[in-house]
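> Next comes the structure file run.txt, holding compact mmCIF, C-alpha atoms.
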# COMPACT_ATOMS: atom_id res chain seq x y z
CA MET A 1 16.67 -12.01 -8.21
CA LYS A 2 17.87 -8.81 -9.87
CA TYR A 3 16.67 -5.60 -8.16
CA LEU A 4 16.09 -7.47 -4.88
CA ASN A 5 19.33 -9.14 -3.72
CA GLU A 6 21.52 -6.04 -4.09
CA TYR A 7 19.11 -4.07 -1.88
CA ARG A 8 19.28 -6.74 0.85
CA ASP A 9 23.09 -6.90 0.96
CA SER A 10 24.18 -7.05 4.61
CA ASN A 11 27.47 -5.17 4.09
CA LEU A 12 25.64 -2.34 2.38
CA VAL A 13 23.00 -2.31 5.15
CA LEU A 14 25.68 -2.08 7.87
CA GLY A 15 27.58 0.60 5.93
CA MET A 16 24.42 2.69 5.64
CA ILE A 17 23.69 2.26 9.37
CA ASP A 18 27.24 3.53 10.08
CA GLU A 19 26.67 6.57 7.87
CA ILE A 20 23.35 7.33 9.60
CA THR A 21 25.08 7.02 12.99
CA ARG A 22 27.84 9.41 11.84
CA THR A 23 25.25 11.91 10.54
CA ILE A 24 22.76 12.06 13.40
CA ARG A 25 23.31 14.49 16.27
CA GLN A 26 19.84 14.99 17.72
CA LYS A 27 16.73 12.93 18.42
CA TRP A 28 14.35 12.71 15.47
CA VAL A 29 10.89 11.20 15.05
CA ILE A 30 10.31 9.88 11.54
CA MET A 31 7.17 8.23 10.19
CA GLU A 32 7.17 5.60 7.48
CA ILE A 33 3.73 6.08 6.01
CA CYS A 34 3.42 2.67 4.38
CA GLY A 35 2.69 -0.60 6.18
CA GLY A 36 4.89 -2.46 3.69
CA GLN A 37 7.83 -0.42 4.95
CA THR A 38 6.85 -1.12 8.59
CA HIS A 39 6.92 -4.82 7.72
CA SER A 40 10.41 -4.55 6.16
CA ILE A 41 11.74 -2.56 9.14
CA MET A 42 10.58 -5.29 11.54
CA LYS A 43 11.53 -8.21 9.27
CA TYR A 44 15.12 -7.06 8.81
CA GLY A 45 15.43 -5.72 12.37
CA LEU A 46 16.34 -2.22 11.15
CA ASP A 47 14.69 -0.67 14.23
CA GLN A 48 17.18 -2.58 16.39
CA LEU A 49 20.23 -1.70 14.26
CA LEU A 50 19.57 2.04 14.04
CA PRO A 51 20.83 4.53 16.65
CA GLU A 52 18.39 5.03 19.54
CA SER A 53 18.07 8.70 18.69
CA ILE A 54 15.85 7.76 15.71
CA GLU A 55 12.29 6.97 16.66
CA LEU A 56 10.41 5.28 13.85
CA VAL A 57 6.66 5.80 13.99
CA HIS A 58 4.43 3.59 11.91
CA GLY A 59 1.88 5.32 9.73
CA PRO A 60 -1.64 4.51 8.53
CA GLY A 61 -0.55 3.17 5.12
CA CYS A 62 -2.23 -0.19 5.49
CA PRO A 63 -5.37 -0.22 3.33
CA VAL A 64 -6.71 -3.36 4.96
CA CYS A 65 -6.42 -1.64 8.36
CA VAL A 66 -8.09 1.63 7.44
CA THR A 67 -11.05 0.32 5.40
CA SER A 68 -14.02 1.51 7.47
CA LEU A 69 -16.04 -0.89 9.56
CA GLU A 70 -19.20 0.26 7.73
CA MET A 71 -17.60 -0.82 4.44
CA ILE A 72 -16.57 -4.23 5.88
CA ASP A 73 -20.14 -4.70 7.16
CA LYS A 74 -21.46 -3.75 3.71
CA ALA A 75 -19.13 -6.33 2.15
CA LEU A 76 -20.40 -8.99 4.58
CA ALA A 77 -24.04 -8.13 3.75
CA ILE A 78 -23.46 -8.25 -0.03
CA ALA A 79 -21.34 -11.41 0.14
CA SER A 80 -24.18 -13.12 2.08
CA GLN A 81 -26.60 -12.78 -0.83
CA PRO A 82 -27.11 -16.12 -2.63
CA GLU A 83 -26.73 -14.80 -6.19
CA VAL A 84 -23.36 -13.16 -5.42
CA ILE A 85 -19.80 -14.34 -5.96
CA PHE A 86 -17.81 -11.95 -3.76
CA THR A 87 -14.17 -11.51 -4.80
CA SER A 88 -11.41 -9.80 -2.82
CA TYR A 89 -7.70 -9.45 -2.25
CA GLY A 90 -6.82 -12.15 0.31
CA ASP A 91 -5.97 -9.92 3.27
CA MET A 92 -9.54 -8.63 3.56
CA LEU A 93 -11.11 -12.00 4.39
CA ARG A 94 -10.02 -12.04 8.04
CA VAL A 95 -10.76 -8.40 8.85
CA PRO A 96 -13.36 -8.39 11.62
CA GLY A 97 -16.66 -6.66 10.87
CA SER A 98 -19.27 -5.93 13.52
CA GLN A 99 -20.30 -9.58 13.34
CA GLY A 100 -17.92 -12.05 11.74
CA ASP A 101 -15.65 -11.67 8.71
CA LEU A 102 -15.68 -12.74 5.05
CA PHE A 103 -14.26 -16.14 6.02
CA SER A 104 -17.27 -16.75 8.27
CA VAL A 105 -19.59 -15.69 5.43
CA ARG A 106 -17.84 -18.27 3.24
CA ALA A 107 -18.10 -20.90 5.99
CA SER A 108 -21.88 -20.31 5.99
CA GLY A 109 -22.01 -21.57 2.41
CA ASN A 110 -21.65 -18.34 0.43
CA ASP A 111 -19.29 -17.96 -2.53
CA VAL A 112 -16.35 -15.76 -1.42
CA ARG A 113 -13.19 -16.01 -3.49
CA VAL A 114 -9.67 -14.62 -3.15
CA VAL A 115 -8.32 -13.11 -6.36
CA TYR A 116 -4.82 -11.84 -7.16
CA SER A 117 -6.03 -9.11 -9.50
CA SER A 118 -9.25 -7.29 -10.38
CA LEU A 119 -8.92 -8.82 -13.86
CA ASP A 120 -9.32 -12.29 -12.28
CA ALA A 121 -12.71 -11.09 -11.01
CA ILE A 122 -13.58 -10.03 -14.59
CA LYS A 123 -12.80 -13.55 -15.78
CA ILE A 124 -15.04 -15.02 -13.04
CA ALA A 125 -17.83 -12.71 -14.27
CA GLN A 126 -17.35 -13.94 -17.86
CA ASP A 127 -17.44 -17.58 -16.70
CA ASN A 128 -20.53 -17.14 -14.48
CA PRO A 129 -23.13 -15.13 -16.44
CA ASP A 130 -25.95 -16.26 -14.09
CA LYS A 131 -24.18 -14.87 -10.99
CA LYS A 132 -23.45 -11.33 -9.80
CA ILE A 133 -19.72 -10.81 -9.29
CA VAL A 134 -18.67 -8.15 -6.80
CA PHE A 135 -15.03 -7.12 -6.40
CA PHE A 136 -13.93 -5.43 -3.16
CA ALA A 137 -11.93 -2.51 -4.60
CA ILE A 138 -9.91 -1.39 -1.61
CA GLY A 139 -6.48 0.15 -1.44
CA PHE A 140 -4.34 3.24 -1.84
CA GLU A 141 -3.18 4.81 -5.09
CA THR A 142 -1.36 1.54 -5.92
CA THR A 143 -4.51 -0.52 -6.49
CA ALA A 144 -6.52 2.29 -8.09
CA PRO A 145 -5.09 1.79 -11.63
CA ALA A 146 -5.96 -1.94 -11.51
CA ASN A 147 -9.39 -1.38 -9.96
CA ALA A 148 -10.25 1.40 -12.43
CA MET A 149 -9.14 -0.72 -15.39
CA SER A 150 -11.50 -3.54 -14.35
CA VAL A 151 -14.49 -1.19 -14.77
CA LEU A 152 -13.41 -0.16 -18.27
CA GLN A 153 -12.76 -3.81 -19.17
CA ALA A 154 -16.23 -4.85 -17.90
CA GLN A 155 -17.71 -2.04 -20.01
CA LYS A 156 -15.70 -3.07 -23.06
CA LEU A 157 -16.76 -6.73 -22.68
CA GLY A 158 -20.41 -5.76 -22.14
CA LEU A 159 -20.56 -7.47 -18.74
CA ASN A 160 -23.68 -6.57 -16.74
CA ASN A 161 -22.98 -8.92 -13.82
CA PHE A 162 -19.84 -7.20 -12.48
CA SER A 163 -19.57 -4.43 -9.90
CA LEU A 164 -17.06 -2.88 -7.51
CA LEU A 165 -17.52 -2.19 -3.81
CA VAL A 166 -15.14 0.76 -3.71
CA SER A 167 -13.15 1.94 -0.70
CA GLN A 168 -10.14 3.72 -2.21
CA VAL A 169 -7.95 5.88 0.04
CA ARG A 170 -5.24 8.44 -0.71
CA VAL A 171 -1.97 9.16 1.11
CA PRO A 172 -1.47 12.97 0.84
CA PRO A 173 -4.74 13.90 2.68
CA ALA A 174 -3.79 11.47 5.47
CA MET A 175 -0.40 13.20 5.79
CA HIS A 176 -2.23 16.54 6.08
CA ALA A 177 -4.44 15.04 8.82
CA ILE A 178 -1.43 13.70 10.78
CA LEU A 179 0.68 16.86 10.45
CA GLY A 180 -2.25 19.17 11.19
CA SER A 181 -3.14 17.35 14.41
CA PRO A 182 -2.28 19.15 17.68
CA ASN A 183 -0.81 15.84 18.88
CA ASN A 184 1.61 15.57 15.96
CA ARG A 185 5.15 14.43 16.85
CA ILE A 186 6.38 13.63 13.33
CA GLN A 187 9.45 15.57 12.12
CA GLY A 188 10.19 13.72 8.89
CA PHE A 189 8.33 11.43 6.49
CA LEU A 190 9.30 8.46 4.37
CA ALA A 191 6.74 8.64 1.55
CA ALA A 192 5.38 5.38 0.14
CA GLY A 193 7.44 4.38 -2.90
CA HIS A 194 4.80 2.49 -4.80
CA VAL A 195 2.10 5.12 -4.27
CA CYS A 196 4.60 7.58 -5.78
CA THR A 197 5.31 5.15 -8.65
CA VAL A 198 1.72 5.76 -9.74
CA MET A 199 1.17 9.37 -8.61
CA GLY A 200 4.68 10.87 -8.72
CA TYR A 201 5.76 13.10 -5.84
CA TRP A 202 4.68 16.59 -6.94
CA GLU A 203 1.78 16.41 -4.44
CA TYR A 204 4.27 16.31 -1.54
CA VAL A 205 6.02 19.59 -2.31
CA PRO A 206 3.22 21.80 -0.86
CA ILE A 207 2.93 19.47 2.18
CA ALA A 208 6.68 19.76 2.92
CA GLN A 209 6.48 23.55 2.58
CA LYS A 210 3.29 24.02 4.62
CA TYR A 211 4.42 21.91 7.59
CA LYS A 212 8.16 22.57 7.17
CA ILE A 213 8.99 18.88 7.13
CA PRO A 214 11.34 16.79 4.97
CA ILE A 215 9.63 14.11 2.86
CA VAL A 216 11.69 11.38 1.18
CA VAL A 217 10.19 8.99 -1.39
CA THR A 218 11.39 5.59 -0.17
CA GLY A 219 11.36 1.99 -1.42
CA PHE A 220 10.79 -1.24 0.46
CA GLU A 221 14.03 -3.22 0.69
CA PRO A 222 16.31 -2.67 3.71
CA VAL A 223 18.87 -0.63 1.74
CA ASP A 224 16.06 1.48 0.25
CA ILE A 225 14.62 2.26 3.70
CA LEU A 226 18.05 3.19 5.08
CA GLN A 227 18.68 5.46 2.09
CA GLY A 228 15.33 7.19 2.77
CA LEU A 229 16.20 7.59 6.46
CA LEU A 230 19.70 8.90 5.68
CA PHE A 231 18.30 11.55 3.29
CA ALA A 232 15.64 12.58 5.86
CA ILE A 233 18.18 12.81 8.71
CA ARG A 234 20.62 14.81 6.58
CA GLU A 235 17.85 17.29 5.84
CA LEU A 236 16.79 17.49 9.51
CA GLU A 237 20.37 17.97 10.75
CA GLU A 238 21.06 20.62 8.10
CA ASN A 239 17.70 22.31 8.80
CA LYS A 240 16.59 21.84 5.18
CA ILE A 241 13.06 21.23 3.96
CA ASP A 242 12.86 19.40 0.70
CA VAL A 243 11.14 16.53 -1.07
CA GLU A 244 13.76 14.02 -2.18
CA ASN A 245 13.53 10.81 -4.16
CA ALA A 246 15.39 7.82 -2.69
CA TYR A 247 13.61 5.34 -5.00
CA SER A 248 14.59 6.75 -8.37
CA ARG A 249 14.89 3.39 -10.15
CA VAL A 250 11.08 3.21 -10.06
CA VAL A 251 9.69 6.66 -9.18
CA ASN A 252 9.79 9.92 -11.13
CA TYR A 253 8.35 13.35 -10.31
CA GLU A 254 5.26 13.11 -12.56
CA GLY A 255 4.38 9.47 -11.86
CA ASN A 256 2.75 7.10 -14.33
CA GLN A 257 0.67 9.35 -16.60
CA ALA A 258 -1.18 6.48 -18.29
CA ALA A 259 -2.31 5.15 -14.91
CA GLN A 260 -3.33 8.60 -13.63
CA LYS A 261 -5.40 9.15 -16.78
CA ILE A 262 -7.41 5.95 -16.24
CA ILE A 263 -7.90 6.74 -12.52
CA GLU A 264 -9.26 10.19 -13.48
CA ARG A 265 -11.51 8.63 -16.14
CA VAL A 266 -13.21 6.28 -13.65
CA PHE A 267 -12.94 7.79 -10.15
CA GLU A 268 -13.68 11.13 -8.53
CA GLU A 269 -12.49 12.59 -5.24
CA CYS A 270 -14.63 12.10 -2.11
CA ASP A 271 -14.43 12.35 1.67
CA GLN A 272 -13.51 9.01 3.20
CA LYS A 273 -13.91 7.45 6.62
CA TRP A 274 -10.74 5.71 7.90
CA ARG A 275 -11.15 2.93 10.43
CA GLY A 276 -9.90 4.04 13.84
CA ILE A 277 -9.17 7.58 12.60
CA GLY A 278 -12.49 8.96 11.33
CA ASN A 279 -13.42 11.11 8.37
CA ILE A 280 -10.58 12.70 6.37
CA PRO A 281 -11.75 15.29 3.79
CA LYS A 282 -11.05 14.47 0.13
CA SER A 283 -9.06 11.37 1.11
CA GLY A 284 -10.89 8.87 -1.07
CA TRP A 285 -11.95 8.04 -4.59
CA ARG A 286 -15.40 6.82 -5.61
CA LEU A 287 -16.82 5.73 -8.95
CA LYS A 288 -18.16 8.55 -11.10
CA THR A 289 -21.95 8.40 -11.42
CA GLU A 290 -21.70 7.43 -15.10
CA PHE A 291 -20.37 4.08 -13.78
CA ASN A 292 -23.31 3.48 -11.38
CA GLY A 293 -24.04 0.27 -13.27
CA TYR A 294 -20.71 -1.04 -11.93
CA ASN A 295 -21.14 0.36 -8.41
CA ALA A 296 -22.09 -2.39 -5.93
CA GLU A 297 -23.47 0.21 -3.50
CA GLU A 298 -25.99 1.20 -6.21
CA GLN A 299 -26.66 -2.37 -7.36
CA PHE A 300 -27.33 -3.90 -3.93
CA GLN A 301 -29.73 -2.39 -1.42
CA VAL A 302 -27.98 -3.00 1.87
CA SER A 303 -30.15 -2.12 4.87
CA GLU A 304 -28.82 0.52 7.23
CA ILE A 305 -25.72 -0.68 9.05
CA THR A 306 -24.84 0.30 12.61
CA PRO A 307 -21.26 -0.80 13.07
CA ILE A 308 -20.06 -2.00 16.47
CA GLU A 309 -16.31 -1.57 17.00
CA SER A 310 -14.38 -3.60 19.59
CA GLN A 311 -13.99 -1.54 22.77
CA LEU A 312 -10.59 -3.08 23.48
CA CYS A 313 -8.90 -2.21 20.17
CA ILE A 314 -6.92 1.04 20.04
CA SER A 315 -5.77 0.65 16.44
CA GLY A 316 -6.79 4.25 15.66
CA GLU A 317 -4.10 5.62 17.95
CA ILE A 318 -1.59 3.11 16.56
CA LEU A 319 -2.44 4.10 12.97
CA GLN A 320 -1.80 7.75 13.83
CA GLY A 321 1.54 6.88 15.40
CA LEU A 322 0.45 8.07 18.85
CA ILE A 323 1.26 4.80 20.61
CA LYS A 324 3.19 1.60 19.83
CA PRO A 325 1.50 -1.82 19.51
CA VAL A 326 3.37 -3.17 22.57
CA ASP A 327 1.77 -0.44 24.71
CA CYS A 328 -1.72 -1.84 24.04
CA PRO A 329 -2.98 -3.94 27.00
CA ALA A 330 -4.66 -6.43 24.62
CA PHE A 331 -1.52 -6.93 22.45
CA ALA A 332 -0.39 -10.58 22.25
CA ASN A 333 -2.92 -11.78 24.81
CA GLN A 334 -6.56 -11.02 23.90
CA CYS A 335 -5.40 -9.88 20.44
CA THR A 336 -3.25 -12.12 18.22
CA PRO A 337 -3.13 -12.76 14.43
CA GLU A 338 -5.25 -15.91 15.04
CA HIS A 339 -7.88 -13.90 17.00
CA PRO A 340 -7.46 -10.26 15.94
CA LEU A 341 -9.54 -7.57 17.66
CA GLY A 342 -8.72 -5.02 15.00
CA ALA A 343 -7.38 -4.73 11.49
CA THR A 344 -3.84 -3.70 12.48
CA MET A 345 -3.39 -7.26 13.79
CA VAL A 346 -4.96 -8.86 10.68
CA SER A 347 -3.02 -7.52 7.76
CA SER A 348 0.60 -8.55 7.33
CA GLU A 349 1.24 -4.82 6.87
CA GLY A 350 -0.51 -3.82 10.07
CA ALA A 351 1.87 -2.52 12.74
CA CYS A 352 0.49 -4.88 15.41
CA ALA A 353 0.88 -7.95 13.18
CA ALA A 354 4.45 -6.92 12.26
CA TYR A 355 5.40 -6.46 15.95
CA TYR A 356 3.82 -9.80 16.84
CA ARG A 357 5.33 -11.74 13.94
CA TYR A 358 8.86 -10.48 14.50
CA GLY A 359 8.79 -10.88 18.27
CA ARG A 360 8.88 -7.24 19.38
CA ASN A 361 6.71 -8.29 22.36
CA LEU A 362 9.40 -10.64 23.73
CA MET B 1 -1.02 -4.41 0.10
CA CYS B 2 1.33 -1.90 -1.47
CA LEU B 3 4.06 -4.50 -1.80
CA ALA B 4 5.09 -4.69 -5.39
CA VAL B 5 7.76 -6.99 -6.77
CA PRO B 6 10.24 -6.65 -9.62
CA GLY B 7 10.05 -9.06 -12.53
CA LYS B 8 11.39 -9.48 -16.07
CA ILE B 9 9.01 -9.26 -19.04
CA ILE B 10 9.44 -12.38 -21.19
CA GLU B 11 6.43 -12.11 -23.52
CA ILE B 12 4.06 -9.34 -24.64
CA TYR B 13 0.64 -9.85 -26.26
CA GLU B 14 -2.92 -8.49 -26.31
CA THR B 15 -6.02 -10.04 -24.74
CA ASN B 16 -9.44 -8.37 -25.32
CA SER B 17 -7.44 -5.41 -26.72
CA LEU B 18 -5.63 -5.02 -23.37
CA LEU B 19 -1.80 -5.08 -23.38
CA MET B 20 -0.75 -8.15 -21.38
CA GLY B 21 2.47 -10.06 -20.83
CA LYS B 22 4.25 -12.89 -19.08
CA VAL B 23 6.57 -11.77 -16.31
CA ASP B 24 9.28 -13.90 -14.70
CA PHE B 25 9.72 -13.43 -10.94
CA GLY B 26 12.95 -15.37 -10.43
CA GLY B 27 11.50 -18.56 -11.92
CA VAL B 28 7.78 -18.08 -11.23
CA VAL B 29 6.00 -16.80 -14.34
CA ARG B 30 2.69 -14.91 -14.08
CA GLU B 31 0.40 -13.14 -16.49
CA THR B 32 0.49 -9.37 -15.94
CA CYS B 33 -1.35 -6.39 -17.38
CA LEU B 34 1.09 -4.07 -19.19
CA ALA B 35 -1.46 -1.36 -20.12
CA TYR B 36 0.31 1.21 -17.90
CA VAL B 37 3.76 0.54 -19.39
CA PRO B 38 2.92 0.80 -23.11
CA ASP B 39 6.62 1.24 -24.06
CA ALA B 40 7.65 -2.05 -22.42
CA LYS B 41 9.87 -4.40 -24.40
CA VAL B 42 10.70 -8.06 -23.81
CA GLY B 43 13.68 -8.15 -21.43
CA ASP B 44 12.67 -4.99 -19.53
CA TYR B 45 12.30 -5.18 -15.76
CA THR B 46 9.10 -3.87 -14.26
CA ILE B 47 7.48 -3.49 -10.86
CA ILE B 48 4.24 -5.47 -10.45
CA HIS B 49 1.36 -4.89 -8.06
CA VAL B 50 -1.97 -6.78 -8.00
CA GLY B 51 -1.36 -8.10 -11.50
CA PHE B 52 -0.45 -4.74 -13.09
CA ALA B 53 2.94 -3.33 -14.06
CA LEU B 54 3.14 0.05 -12.28
CA ASN B 55 6.29 1.22 -14.05
CA LEU B 56 9.46 0.07 -15.76
CA ILE B 57 12.64 -0.10 -13.66
CA ASP B 58 15.24 2.44 -14.77
CA GLU B 59 18.49 0.46 -14.93
CA LYS B 60 20.70 3.56 -15.23
CA GLU B 61 19.16 5.14 -12.11
CA ALA B 62 19.49 1.83 -10.26
CA MET B 63 23.22 1.51 -11.11
CA GLU B 64 23.96 5.12 -10.20
CA THR B 65 22.15 4.88 -6.86
CA LEU B 66 23.87 1.63 -5.91
CA ALA B 67 27.29 3.11 -6.77
CA LEU B 68 26.49 6.16 -4.61
CA LEU B 69 25.31 4.04 -1.67
CA GLU B 70 28.37 1.79 -1.89
CA GLU B 71 30.57 4.87 -1.83
CA ILE B 72 28.70 6.22 1.24
CA SER B 73 28.84 2.92 3.09
CA ASN B 74 32.57 2.42 2.40
CA GLN B 75 33.49 5.91 3.55
CA ASP B 76 34.95 4.90 6.92
CA LEU B 77 37.20 2.33 5.22
CA THR B 78 38.66 4.80 2.74
CA GLU B 79 39.04 7.81 5.03
Will you turn the file into structure tokens for me?

Amino acid sequence: MKYLNEYRDSNLVLGMIDEITRTIRQKWVIMEICGGQTHSIMKYGLDQLLPESIELVHGPGCPVCVTSLEMIDKALAIASQPEVIFTSYGDMLRVPGSQGDLFSVRASGNDVRVVYSSLDAIKIAQDNPDKKIVFFAIGFETTAPANAMSVLQAQKLGLNNFSLLVSQVRVPPAMHAILGSPNNRIQGFLAAGHVCTVMGYWEYVPIAQKYKIPIVVTGFEPVDILQGLLFAIRELEENKIDVENAYSRVVNYEGNQAAQKIIERVFEECDQKWRGIGNIPKSGWRLKTEFNGYNAEEQFQVSEITPIESQLCISGEILQGLIKPVDCPAFANQCTPEHPLGATMVSSEGACAAYYRYGRNL
Amino acid sequence: MCLAVPGKIIEIYETNSLLMGKVDFGGVVRETCLAYVPDAKVGDYTIIHVGFALNLIDEKEAMETLALLEEISNQDLTE
């Protein structure tokens, strides 16, 4: 497949590793913000090929992992109502709430469906006028254009049985939270390529300047990740602070203007609670009040929820890059992908699931 | 979740006044919303996420980057 195979070429990968080894002189701690990149690093064994002086720290860029427990519990409560068809991206169904998950709600006889796109949920709403269709609109800036468009489409089609349960999160405020923490160890960032495809990378310039840290927009294939690392290490070794683009076949500085326009039309900025991390100011998007008719939180009265988080799970520290999954006492014994204690073991992009799947516990 | 895959646009049309298309992912063809890549033409490559094209792939940038990376990775052979 064009635009995939050439970025997985083993000779190119080894050549890039050699160049990184030639370039690096000191120890550096670099965070890949996106869980998709964590997955690629583990899948292709890049962590084991790179010089030991690079420590890769896995960031909180896994939307399934950071969706708050309150929001999962809300989803479970709404999905349990008999008139509802609850639709969601597949990864969310196994995320543990305080009691059970969406799969267990489905097993109890409720209608919970996996959809590939928010527009599939629109079609379900058209086909089931006597039901209330709720779409679980989670994700970073990558899903926001799709989720926002579904609201405008529902409006255009005159659907009054469609609503979104919104839990949108944003990357730049999370980077501020990580870099501003007194425990911060991160010296360089690989920014998430597909988030930047939508948003561009102008938002990262003030972050790089404020915290004096190189930020490199990076893609997802092994060659892309090594290019991002090489650019970051060159900057660190030369004591430069810059935002660079190592994913220029897809990303430009301004981002996708058409997508940003629709996001701005439908959503507004809000504070957001991140699972395991806590509240991050201005790190989320919610529906504007003019779209209350499409807001599941307005349409369904869910009684007050008191979430109960597993005492054993330390995913919050893992999501902030403070510890590695293998350092968790529950990893690979009480907590496995079949019986996850926390979301970082559920999602294929969660750091714990990536370590488990690719045998980093062996 | 943020995984997005490249595909080739093989058909463009409108459904409910929304720009849609068929995209070929190495043999698997799926319907995709093209509203965010209004300049797309049949034959263009695009990057798809949750059923939406997020952007077109810039072939010139792709070729230039690959040439640069190949040069970097062959450095020890040529020196």
> Taking a cut-off of 7 Å and counting only C-alpha atoms, can you build a table that, for each residue of chain B near chain A, reports the nearest atom pair and how far apart they are in Å (one decimal), sorted by chain then residue number, as CSV?

residue,atom,partner,partner_atom,distance
B:Met1,CA,A:Pro63,CA,6.8
B:Cys2,CA,A:Thr142,CA,6.2
B:Leu3,CA,A:Gly36,CA,5.9
B:Pro6,CA,A:Tyr3,CA,6.7
B:Gly26,CA,A:Met1,CA,5.5
B:Tyr36,CA,A:Ala258,CA,5.5
B:Val50,CA,A:Ser117,CA,4.9
B:Gly51,CA,A:Ser117,CA,5.2
B:Phe52,CA,A:Ala146,CA,6.4
B:Leu54,CA,A:Val198,CA,6.4
B:Asn55,CA,A:Val250,CA,6.5
B:Leu56,CA,A:Val250,CA,6.7
B:Ile57,CA,A:Val250,CA,5.1
B:Asp58,CA,A:Arg249,CA,4.7
B:Glu59,CA,A:Arg249,CA,6.7
B:Glu61,CA,A:Arg249,CA,5.0
B:Ala62,CA,A:Arg249,CA,4.9
B:Glu70,CA,A:Leu12,CA,6.5
B:Ile72,CA,A:Glu19,CA,6.9
B:Ser73,CA,A:Gly15,CA,3.9
B:Asn74,CA,A:Gly15,CA,6.4
> What would the file look like if the residues just selected were written as a compact mmCIF listing (two decimals), in the frame of the given file with C-alpha atoms?

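The resulting file, result.txt, is reproduced below:
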# COMPACT_ATOMS: atom_id res chain seq x y z
CA MET B 1 -1.02 -4.41 0.10
CA CYS B 2 1.33 -1.90 -1.47
CA LEU B 3 4.06 -4.50 -1.80
CA PRO B 6 10.24 -6.65 -9.62
CA GLY B 26 12.95 -15.37 -10.43
CA TYR B 36 0.31 1.21 -17.90
CA VAL B 50 -1.97 -6.78 -8.00
CA GLY B 51 -1.36 -8.10 -11.50
CA PHE B 52 -0.45 -4.74 -13.09
CA LEU B 54 3.14 0.05 -12.28
CA ASN B 55 6.29 1.22 -14.05
CA LEU B 56 9.46 0.07 -15.76
CA ILE B 57 12.64 -0.10 -13.66
CA ASP B 58 15.24 2.44 -14.77
CA GLU B 59 18.49 0.46 -14.93
CA GLU B 61 19.16 5.14 -12.11
CA ALA B 62 19.49 1.83 -10.26
CA GLU B 70 28.37 1.79 -1.89
CA ILE B 72 28.70 6.22 1.24
CA SER B 73 28.84 2.92 3.09
CA ASN B 74 32.57 2.42 2.40
> Every residue with an atom at most 10 Å from (2.9, -7.2, 19.7) (file coordinates; only C-alpha atoms) is what I'm after, so could you write them as a list in words?
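It turns out the residues near that spot are Lys324, Pro325, Val326, Asp327, Cys328, Pro329, Ala330, Phe331, Ala332, Asn333, Cys335, Thr336, Pro337, Met345, Ala351, Cys352, Ala353, Ala354, Tyr355, Tyr356, Arg357, Tyr358, Gly359, Arg360, Asn361 and Leu362 of chain A.
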> By how many Å are CA of Ser17 in chain B and CA of Ala125 in chain A apart?
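So the two atoms, CA of Ser17 in chain B and CA of Ala125 in chain A, lie 17.8 Å apart.
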> For CA of Ala53 in chain B and CA of Thr32 in chain B, quote the distance in Å rounded to one decimal.
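So the two atoms, CA of Ala53 in chain B and CA of Thr32 in chain B, lie 6.8 Å apart.
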> Within 12 Å of (10.2, -13.8, -16.1), in the coordinates the file gives, what residues turn up when you count only C-alpha atoms, written out as a list in words?
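Final list of nearby residues, as requested, is Met1 and Lys2 of chain A; Val5, Pro6, Gly7, Lys8, Ile9, Ile10, Glu11, Ile12, Gly21, Lys22, Val23, Asp24, Phe25, Gly26, Gly27, Val28, Val29, Arg30, Glu31, Thr32, Val42, Gly43, Asp44, Tyr45, Thr46, Ile47 and Ile48 of chain B.
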> Which is closest to Met20 in chain B among B:His49, B:Leu69, B:Ala40, B:Ala4, if we use only C-alpha atoms?
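For Met20 in chain B, the nearest of the given residues is B:Ala40.
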> Set the distance at 9 Å and use all atoms listed in the file: which residues neighbour Ile72 in chain A once local chain neighbours fewer than 2 positions away are removed? I'd like the list as a count of residues only.
15
